[in-house]
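Listing of coords32.cif, mmCIF, C-alpha atoms and all ligand atoms
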data_upload
loop_
_atom_site.group_PDB
_atom_site.id
_atom_site.type_symbol
_atom_site.label_atom_id
_atom_site.label_comp_id
_atom_site.auth_asym_id
_atom_site.auth_seq_id
_atom_site.Cartn_x
_atom_site.Cartn_y
_atom_site.Cartn_z
ATOM 1 C CA MET A 1 129.302 -12.696 75.575
ATOM 2 C CA ASN A 2 132.343 -13.229 73.362
ATOM 3 C CA ILE A 3 135.718 -12.714 74.983
ATOM 4 C CA LEU A 4 139.282 -12.689 73.706
ATOM 5 C CA ILE A 5 141.752 -14.410 76.022
ATOM 6 C CA ALA A 6 144.532 -11.826 76.120
ATOM 7 C CA THR A 7 147.604 -13.994 76.535
ATOM 8 C CA ASN A 8 150.433 -15.452 74.476
ATOM 9 C CA ASN A 9 150.683 -18.434 76.815
ATOM 10 C CA LYS A 10 148.842 -21.402 75.253
ATOM 11 C CA HIS A 11 148.530 -23.173 78.611
ATOM 12 C CA LYS A 12 146.666 -20.180 80.032
ATOM 13 C CA VAL A 13 144.396 -20.118 76.946
ATOM 14 C CA ARG A 14 143.527 -23.747 77.598
ATOM 15 C CA GLU A 15 142.873 -23.292 81.319
ATOM 16 C CA ILE A 16 140.875 -20.060 80.945
ATOM 17 C CA SER A 17 138.662 -21.495 78.186
ATOM 18 C CA GLN A 18 138.040 -24.622 80.282
ATOM 19 C CA ILE A 19 137.199 -22.581 83.374
ATOM 20 C CA PHE A 20 134.699 -20.497 81.357
ATOM 21 C CA ALA A 21 133.176 -23.561 79.639
ATOM 22 C CA GLY A 22 129.601 -23.971 80.841
ATOM 23 C CA THR A 23 129.159 -20.243 81.527
ATOM 24 C CA ASP A 24 127.692 -17.612 79.203
ATOM 25 C CA LEU A 25 131.226 -16.456 78.411
ATOM 26 C CA GLU A 26 132.420 -17.730 75.038
ATOM 27 C CA THR A 27 136.132 -17.440 74.441
ATOM 28 C CA VAL A 28 138.437 -17.023 71.452
ATOM 29 C CA SER A 29 142.226 -17.096 71.476
ATOM 30 C CA PRO A 30 144.570 -14.648 69.713
ATOM 31 C CA SER A 31 145.716 -17.396 67.324
ATOM 32 C CA GLN A 32 142.109 -18.187 66.321
ATOM 33 C CA ILE A 33 141.743 -14.636 65.009
ATOM 34 C CA ASN A 34 145.350 -14.362 63.747
ATOM 35 C CA LEU A 35 146.159 -11.653 66.229
ATOM 36 C CA SER A 36 149.658 -11.071 67.544
ATOM 37 C CA VAL A 37 150.124 -8.531 70.339
ATOM 38 C CA GLU A 38 153.153 -7.999 72.596
ATOM 39 C CA VAL A 39 152.560 -5.946 75.722
ATOM 40 C CA GLU A 40 155.484 -4.783 77.840
ATOM 41 C CA GLU A 41 154.973 -6.117 81.366
ATOM 42 C CA ASP A 42 156.676 -3.321 83.272
ATOM 43 C CA GLY A 43 154.166 -2.994 86.126
ATOM 44 C CA ASN A 44 155.241 -3.592 89.721
ATOM 45 C CA THR A 45 152.166 -5.639 90.564
ATOM 46 C CA PHE A 46 150.182 -8.523 89.066
ATOM 47 C CA ALA A 47 147.134 -6.240 88.902
ATOM 48 C CA GLU A 48 148.948 -3.516 86.907
ATOM 49 C CA ASN A 49 150.314 -6.022 84.400
ATOM 50 C CA ALA A 50 146.971 -7.801 83.955
ATOM 51 C CA LEU A 51 145.251 -4.486 83.207
ATOM 52 C CA LYS A 52 148.009 -3.474 80.792
ATOM 53 C CA LYS A 53 147.712 -6.742 78.860
ATOM 54 C CA ALA A 54 143.904 -6.611 78.699
ATOM 55 C CA ARG A 55 144.011 -2.980 77.483
ATOM 56 C CA GLY A 56 146.683 -3.760 74.872
ATOM 57 C CA PHE A 57 144.723 -6.660 73.378
ATOM 58 C CA CYS A 58 141.438 -4.701 73.561
ATOM 59 C CA GLU A 59 142.935 -1.771 71.634
ATOM 60 C CA ALA A 60 144.377 -4.130 69.024
ATOM 61 C CA SER A 61 141.225 -6.225 68.548
ATOM 62 C CA GLY A 62 138.227 -4.092 69.506
ATOM 63 C CA LEU A 63 136.968 -7.104 71.476
ATOM 64 C CA ILE A 64 136.163 -7.608 75.172
ATOM 65 C CA CYS A 65 139.435 -8.975 76.581
ATOM 66 C CA VAL A 66 140.396 -10.892 79.690
ATOM 67 C CA ALA A 67 144.048 -11.013 80.770
ATOM 68 C CA ASP A 68 145.794 -12.856 83.574
ATOM 69 C CA ASP A 69 149.025 -11.919 85.296
ATOM 70 C CA SER A 70 150.187 -14.555 87.682
ATOM 71 C CA GLY A 71 153.153 -16.003 89.486
ATOM 72 C CA LEU A 72 154.582 -17.950 92.348
ATOM 73 C CA THR A 73 155.543 -16.287 95.610
ATOM 74 C CA VAL A 74 157.853 -18.212 97.943
ATOM 75 C CA GLU A 75 158.175 -17.272 101.635
ATOM 76 C CA CYS A 76 161.826 -18.173 102.176
ATOM 77 C CA LEU A 77 162.812 -16.220 99.035
ATOM 78 C CA SER A 78 161.117 -13.034 100.295
ATOM 79 C CA GLY A 79 158.261 -13.449 97.816
ATOM 80 C CA GLU A 80 160.368 -14.258 94.750
ATOM 81 C CA PRO A 81 159.979 -15.059 91.890
ATOM 82 C CA GLY A 82 156.684 -13.078 92.198
ATOM 83 C CA VAL A 83 155.879 -10.784 89.265
ATOM 84 C CA TYR A 84 159.080 -12.003 87.596
ATOM 85 C CA SER A 85 157.983 -15.683 87.610
ATOM 86 C CA ALA A 86 158.007 -15.954 83.798
ATOM 87 C CA ARG A 87 161.492 -14.376 83.600
ATOM 88 C CA TYR A 88 163.139 -15.912 86.691
ATOM 89 C CA GLY A 89 166.826 -16.584 85.979
ATOM 90 C CA GLY A 90 166.781 -14.557 82.737
ATOM 91 C CA GLU A 91 165.887 -15.108 79.104
ATOM 92 C CA GLY A 92 167.811 -18.344 78.502
ATOM 93 C CA LEU A 93 165.712 -20.580 80.773
ATOM 94 C CA ASP A 94 162.575 -22.578 79.961
ATOM 95 C CA ASP A 95 159.924 -23.799 82.452
ATOM 96 C CA LYS A 96 162.124 -26.731 83.468
ATOM 97 C CA GLY A 97 165.209 -24.546 83.919
ATOM 98 C CA ARG A 98 163.299 -22.014 86.039
ATOM 99 C CA THR A 99 161.905 -24.805 88.213
ATOM 100 C CA GLN A 100 165.396 -26.244 88.724
ATOM 101 C CA LEU A 101 166.707 -22.783 89.630
ATOM 102 C CA LEU A 102 163.904 -22.373 92.170
ATOM 103 C CA LEU A 103 164.758 -25.728 93.790
ATOM 104 C CA LYS A 104 168.461 -24.798 93.841
ATOM 105 C CA ASN A 105 167.747 -21.428 95.468
ATOM 106 C CA MET A 106 165.635 -23.218 98.083
ATOM 107 C CA SER A 107 168.068 -26.043 98.802
ATOM 108 C CA GLY A 108 168.209 -26.719 102.530
ATOM 109 C CA ALA A 109 165.216 -24.456 103.216
ATOM 110 C CA LYS A 110 162.943 -25.836 105.928
ATOM 111 C CA ASN A 111 160.167 -23.321 105.284
ATOM 112 C CA ARG A 112 158.805 -24.324 101.867
ATOM 113 C CA ARG A 113 155.550 -22.326 102.059
ATOM 114 C CA ALA A 114 154.498 -20.724 98.792
ATOM 115 C CA ALA A 115 151.426 -19.426 96.993
ATOM 116 C CA PHE A 116 150.338 -19.027 93.395
ATOM 117 C CA VAL A 117 148.773 -15.618 92.842
ATOM 118 C CA CYS A 118 146.642 -14.432 89.920
ATOM 119 C CA SER A 119 145.181 -11.067 88.962
ATOM 120 C CA VAL A 120 142.656 -10.959 86.157
ATOM 121 C CA ALA A 121 141.378 -7.904 84.312
ATOM 122 C CA MET A 122 138.492 -7.688 81.871
ATOM 123 C CA VAL A 123 138.496 -4.628 79.623
ATOM 124 C CA PHE A 124 135.571 -3.588 77.428
ATOM 125 C CA PRO A 125 135.941 -1.558 74.218
ATOM 126 C CA ASP A 126 133.946 1.265 75.894
ATOM 127 C CA GLY A 127 136.627 1.506 78.589
ATOM 128 C CA ARG A 128 134.893 -0.348 81.439
ATOM 129 C CA VAL A 129 137.216 -2.453 83.575
ATOM 130 C CA VAL A 130 136.397 -5.322 85.954
ATOM 131 C CA THR A 131 139.194 -6.954 87.971
ATOM 132 C CA ALA A 132 139.566 -9.842 90.429
ATOM 133 C CA GLU A 133 142.221 -11.769 92.337
ATOM 134 C CA GLY A 134 142.794 -15.400 93.239
ATOM 135 C CA ARG A 135 145.318 -17.196 95.417
ATOM 136 C CA CYS A 136 146.244 -20.810 96.094
ATOM 137 C CA GLU A 137 148.371 -21.641 99.130
ATOM 138 C CA GLY A 138 150.747 -24.574 99.262
ATOM 139 C CA ARG A 139 154.363 -25.649 99.456
ATOM 140 C CA ILE A 140 157.303 -26.375 97.189
ATOM 141 C CA ALA A 141 158.208 -30.072 96.898
ATOM 142 C CA LEU A 142 161.827 -31.246 97.160
ATOM 143 C CA SER A 143 161.822 -32.472 93.555
ATOM 144 C CA PRO A 144 159.542 -32.232 90.492
ATOM 145 C CA SER A 145 156.743 -34.745 89.789
ATOM 146 C CA GLY A 146 153.967 -34.990 87.212
ATOM 147 C CA ASN A 147 153.615 -34.027 83.564
ATOM 148 C CA ASN A 148 150.410 -31.976 83.428
ATOM 149 C CA GLY A 149 150.103 -28.207 83.408
ATOM 150 C CA PHE A 150 153.023 -25.825 82.900
ATOM 151 C CA GLY A 151 155.500 -23.543 84.643
ATOM 152 C CA TYR A 152 156.167 -24.421 88.272
ATOM 153 C CA ASP A 153 153.290 -26.965 88.458
ATOM 154 C CA PRO A 154 155.639 -29.988 88.943
ATOM 155 C CA VAL A 155 156.921 -28.597 92.275
ATOM 156 C CA PHE A 156 153.804 -26.930 93.716
ATOM 157 C CA VAL A 157 151.778 -28.980 96.209
ATOM 158 C CA PRO A 158 148.504 -27.208 97.082
ATOM 159 C CA ASP A 159 147.333 -27.314 100.714
ATOM 160 C CA GLY A 160 145.150 -30.345 101.445
ATOM 161 C CA TYR A 161 146.812 -32.455 98.715
ATOM 162 C CA ASP A 162 149.845 -34.706 98.579
ATOM 163 C CA LYS A 163 150.244 -34.300 94.827
ATOM 164 C CA THR A 164 151.725 -31.495 92.765
ATOM 165 C CA PHE A 165 149.579 -29.422 90.366
ATOM 166 C CA ALA A 166 151.307 -31.347 87.560
ATOM 167 C CA GLU A 167 149.976 -34.629 88.994
ATOM 168 C CA LEU A 168 146.386 -33.382 89.312
ATOM 169 C CA GLY A 169 143.904 -33.563 86.431
ATOM 170 C CA GLU A 170 143.064 -30.305 84.644
ATOM 171 C CA ASP A 171 139.600 -30.049 86.190
ATOM 172 C CA GLU A 172 140.957 -30.643 89.666
ATOM 173 C CA LYS A 173 143.660 -27.975 89.265
ATOM 174 C CA ASN A 174 141.170 -25.462 87.832
ATOM 175 C CA LYS A 175 138.814 -25.959 90.807
ATOM 176 C CA ILE A 176 141.372 -24.843 93.376
ATOM 177 C CA SER A 177 143.975 -22.892 91.414
ATOM 178 C CA HIS A 178 144.746 -19.189 91.716
ATOM 179 C CA ARG A 179 143.459 -18.785 88.113
ATOM 180 C CA GLY A 180 140.256 -20.750 88.772
ATOM 181 C CA ARG A 181 139.547 -18.687 91.879
ATOM 182 C CA ALA A 182 140.307 -15.343 90.211
ATOM 183 C CA LEU A 183 138.016 -16.132 87.274
ATOM 184 C CA GLU A 184 135.263 -17.349 89.603
ATOM 185 C CA ALA A 185 135.490 -14.040 91.497
ATOM 186 C CA LEU A 186 135.445 -12.166 88.178
ATOM 187 C CA GLU A 187 132.294 -14.003 87.043
ATOM 188 C CA LYS A 188 130.615 -13.146 90.347
ATOM 189 C CA LYS A 189 131.440 -9.452 89.899
ATOM 190 C CA LEU A 190 130.158 -9.516 86.302
ATOM 191 C CA SER A 191 126.856 -10.954 87.548
ATOM 192 C CA GLU A 192 126.601 -8.420 90.388
ATOM 193 C CA LEU A 193 127.203 -5.614 87.897
ATOM 194 C CA GLY A 194 124.483 -7.031 85.639
ATOM 195 C CA ILE A 195 126.994 -7.532 82.812
ATOM 196 C CA LEU A 196 126.540 -11.303 82.941
ATOM 197 C CA LYS A 197 123.029 -12.686 83.330
HETATM 198 P P1 LIG B 201 151.202 -13.786 79.132
HETATM 199 O O1 LIG B 201 151.895 -12.632 79.796
HETATM 200 O O2 LIG B 201 151.200 -13.698 77.634
HETATM 201 O O3 LIG B 201 149.822 -14.019 79.686
HETATM 202 P P2 LIG B 201 153.173 -15.352 80.572
HETATM 203 O O4 LIG B 201 153.499 -16.804 80.663
HETATM 204 O O5 LIG B 201 154.321 -14.407 80.298
HETATM 205 O O6 LIG B 201 152.017 -15.151 79.460
HETATM 206 P P3 LIG B 201 152.865 -14.096 83.161
HETATM 207 O O7 LIG B 201 153.663 -12.914 82.791
HETATM 208 O O8 LIG B 201 151.594 -13.893 83.948
HETATM 209 O O9 LIG B 201 152.414 -14.930 81.874
HETATM 210 O O10 LIG B 201 153.815 -15.090 83.952
HETATM 211 C C1 LIG B 201 153.275 -16.116 84.678
HETATM 212 C C2 LIG B 201 154.353 -17.127 85.038
HETATM 213 O O11 LIG B 201 154.093 -17.600 86.368
HETATM 214 C C3 LIG B 201 154.259 -18.348 84.119
HETATM 215 O O12 LIG B 201 155.083 -18.230 82.986
HETATM 216 C C4 LIG B 201 154.681 -19.475 85.066
HETATM 217 O O13 LIG B 201 156.073 -19.525 85.155
HETATM 218 C C5 LIG B 201 154.119 -18.997 86.409
HETATM 219 N N1 LIG B 201 152.733 -19.489 86.588
HETATM 220 C C6 LIG B 201 151.577 -18.752 86.586
HETATM 221 N N2 LIG B 201 150.501 -19.545 86.727
HETATM 222 C C7 LIG B 201 150.971 -20.805 86.782
HETATM 223 C C8 LIG B 201 150.347 -22.060 86.901
HETATM 224 O O14 LIG B 201 149.026 -22.196 86.931
HETATM 225 N N3 LIG B 201 151.133 -23.125 86.945
HETATM 226 C C9 LIG B 201 152.469 -23.021 86.901
HETATM 227 N N4 LIG B 201 153.149 -21.893 86.768
HETATM 228 C C10 LIG B 201 152.402 -20.769 86.711
#
Have the structure of the file written as structure tokens, please.
Amino acid sequence: MNILIATNNKHKVREISQIFAGTDLETVSPSQINLSVEVEEDGNTFAENALKKARGFCEASGLICVADDSGLTVECLSGEPGVYSARYGGEGLDDKGRTQLLLKNMSGAKNRRAAFVCSVAMVFPDGRVVTAEGRCEGRIALSPSGNNGFGYDPVFVPDGYDKTFAELGEDEKNKISHRGRALEALEKKLSELGILK
């Protein structure tokens, strides 16, 4: 089955194609087919935004599309940055700036519990929709470490590890990450529905 990865984030393209490698799901990226789609992410939940993105790319391409909406939810910040993770602090900030802002907003916080959350939606040209969720619990480190990954990876330490996501190898992150878990659950549903053999 050939699937378009419905995202403009090249790090997600890389992770999703690696997670699907070795399954019957073959992936293409928007850039590989010269497709440019912008979907307004105005949903209040990860699930709504994932579905919106998958539908937008499916309409534009006519292909089966999988989209991911994800973010970091931090206990002592009442769940922020949450669905606004990519826009935390406004337009002017990059990944590094957003991570610094997060650390600043958490300075002095004793409770550093956090979780990465991911909703995935697969949309078929005939209108069928299959969705799944994944979550990875952990804590926010006092300072950034590691160069792998993207976003808030340098400050997120998953439970059971003493390294940040940015210090783990790609395969190791994908095994336990919110995205890895959501896509594993999606694959399971596709098999149960008989869509994937
Ligand atoms: P698309 O909407 O085009 O898929 P995006 O980067 O805007 O790309 P989201 O709206 O889902 O994607 O925002 C997700 C943000 O949450 C992302 O930009 C990071 O800041 C953060 N995030 C999600 N997954 C992450 C991960 O695995 N590691 C680090 N940060 C992550």
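Each of A:Gly97, A:Pro30, A:Gly149, A:Gly92 was checked against ligand LIG 201 (chain B) using only C-alpha atoms and all ligand atoms; the smallest atom-to-atom distance is that of A:Gly149.
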Query raised in the report: Exactly which residues make up the result of the PyMOL selection byres (((chain A and resi 143) around 9) and not hetatm) on this file, given as JSON, numbers by chain?
Result: {"A": [100, 103, 140, 141, 142, 144, 145, 154, 155]}
Just to be explicit: take each residue in the selection above, keep C-alpha atoms, and write the result as a PDB file, in the frame of the given file.
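Listing of out-v2.pdb after writing:
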ATOM      1  CA  GLN A 100     165.396 -26.244  88.724  1.00  0.00           C
ATOM      2  CA  LEU A 103     164.758 -25.728  93.790  1.00  0.00           C
ATOM      3  CA  ILE A 140     157.303 -26.375  97.189  1.00  0.00           C
ATOM      4  CA  ALA A 141     158.208 -30.072  96.898  1.00  0.00           C
ATOM      5  CA  LEU A 142     161.827 -31.246  97.160  1.00  0.00           C
ATOM      6  CA  PRO A 144     159.542 -32.232  90.492  1.00  0.00           C
ATOM      7  CA  SER A 145     156.743 -34.745  89.789  1.00  0.00           C
ATOM      8  CA  PRO A 154     155.639 -29.988  88.943  1.00  0.00           C
ATOM      9  CA  VAL A 155     156.921 -28.597  92.275  1.00  0.00           C
TER      10      VAL A 155
END
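For the choices A:Arg135, A:Arg112, A:His178, A:Arg128, the atom-to-atom distance to ligand LIG 201 (chain B) is smallest for A:His178 when using all atoms listed in the file.
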Query raised in the report: Counting all atoms listed in the file, which protein, DNA or RNA residues come within 7 Å of ligand LIG 201 (chain B), given as a PyMOL selection string?
Result: chain A and resi 6-9+12+67-72+85-86+95+116+149-153+177+179
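Going from CA of Gly89 (chain A) to CA of Ala47 (chain A) covers 22.4 Å.
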Query raised in the report: Exactly which residues make up the result of the PyMOL selection byres (((chain A and resi 49) around 10) and not hetatm) on this file, given as an NGL selection string?
Result: :A and (39-48 or 50-55 or 67-70 or 83 or 119-121)
When the PyMOL selection byres (((chain A and resi 113) around 12) and not hetatm) is applied to the structure above, which residues does it catch, written out as an mmCIF file with C-alpha atoms, in the frame of the given file?
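The resulting selection.cif:
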data_model
loop_
_atom_site.group_PDB
_atom_site.id
_atom_site.type_symbol
_atom_site.label_atom_id
_atom_site.label_comp_id
_atom_site.auth_asym_id
_atom_site.auth_seq_id
_atom_site.Cartn_x
_atom_site.Cartn_y
_atom_site.Cartn_z
ATOM 1 C CA LEU A 72 154.582 -17.950 92.348
ATOM 2 C CA THR A 73 155.543 -16.287 95.610
ATOM 3 C CA VAL A 74 157.853 -18.212 97.943
ATOM 4 C CA GLU A 75 158.175 -17.272 101.635
ATOM 5 C CA CYS A 76 161.826 -18.173 102.176
ATOM 6 C CA LEU A 77 162.812 -16.220 99.035
ATOM 7 C CA SER A 78 161.117 -13.034 100.295
ATOM 8 C CA GLY A 79 158.261 -13.449 97.816
ATOM 9 C CA GLU A 80 160.368 -14.258 94.750
ATOM 10 C CA MET A 106 165.635 -23.218 98.083
ATOM 11 C CA ALA A 109 165.216 -24.456 103.216
ATOM 12 C CA LYS A 110 162.943 -25.836 105.928
ATOM 13 C CA ASN A 111 160.167 -23.321 105.284
ATOM 14 C CA ARG A 112 158.805 -24.324 101.867
ATOM 15 C CA ALA A 114 154.498 -20.724 98.792
ATOM 16 C CA ALA A 115 151.426 -19.426 96.993
ATOM 17 C CA PHE A 116 150.338 -19.027 93.395
ATOM 18 C CA CYS A 136 146.244 -20.810 96.094
ATOM 19 C CA GLU A 137 148.371 -21.641 99.130
ATOM 20 C CA GLY A 138 150.747 -24.574 99.262
ATOM 21 C CA ARG A 139 154.363 -25.649 99.456
ATOM 22 C CA ILE A 140 157.303 -26.375 97.189
ATOM 23 C CA ALA A 141 158.208 -30.072 96.898
ATOM 24 C CA LEU A 142 161.827 -31.246 97.160
ATOM 25 C CA VAL A 155 156.921 -28.597 92.275
ATOM 26 C CA PHE A 156 153.804 -26.930 93.716
ATOM 27 C CA VAL A 157 151.778 -28.980 96.209
ATOM 28 C CA PRO A 158 148.504 -27.208 97.082
ATOM 29 C CA ASP A 159 147.333 -27.314 100.714
#
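CA of Asn2 (chain A) sits 4.8 Å away from CA of Glu26 (chain A).
Checking A:Leu35, A:Leu183, A:Leu102, A:Leu93 one by one against Glu59 (chain A), counting all atoms listed in the file, you find the shortest gap at A:Leu35.
Near (142.4, -22.8, 80.5), the residues inside the 10 Å limit, counting all atoms listed in the file, come to Ile5, Lys10, His11, Lys12, Val13, Arg14, Glu15, Ile16, Ser17, Gln18, Ile19, Phe20, Ala21, Gly149, Glu170, Asp171, Asn174, Arg179 and Gly180 of chain A.
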Query - Expected residue set, 9 Å radius at (131.6, -3.4, 81.6), all atoms listed in the file, as a VMD selection string - result: chain A and resid 64 122 to 130 190 193 to 195
Query raised in the report: Between CA of Lys175 (chain A) and CA of Cys65 (chain A), what is the distance, to one decimal in Å?
Result: 22.2 Å
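With distances restricted to all atoms listed in the file, A:Val66 is the closest residue to Ala182 (chain A) from A:Ala166, A:Leu101, A:Val66, A:Leu25.
Residue nearest Glu172 (chain A) within the list A:Gly22, A:Ser29, A:Asn148, A:Gly62: A:Asn148 [criterion: smallest interatomic distance, only C-alpha atoms].
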Requested in this report: Extract, using only C-alpha atoms, all DNA, RNA and protein residues at most 9 Å from Asp24 (chain A), discarding same-chain residues fewer than 5 positions from it, and format them as a PyMOL selection string.
Outcome: chain A and resi 1-2+196-197
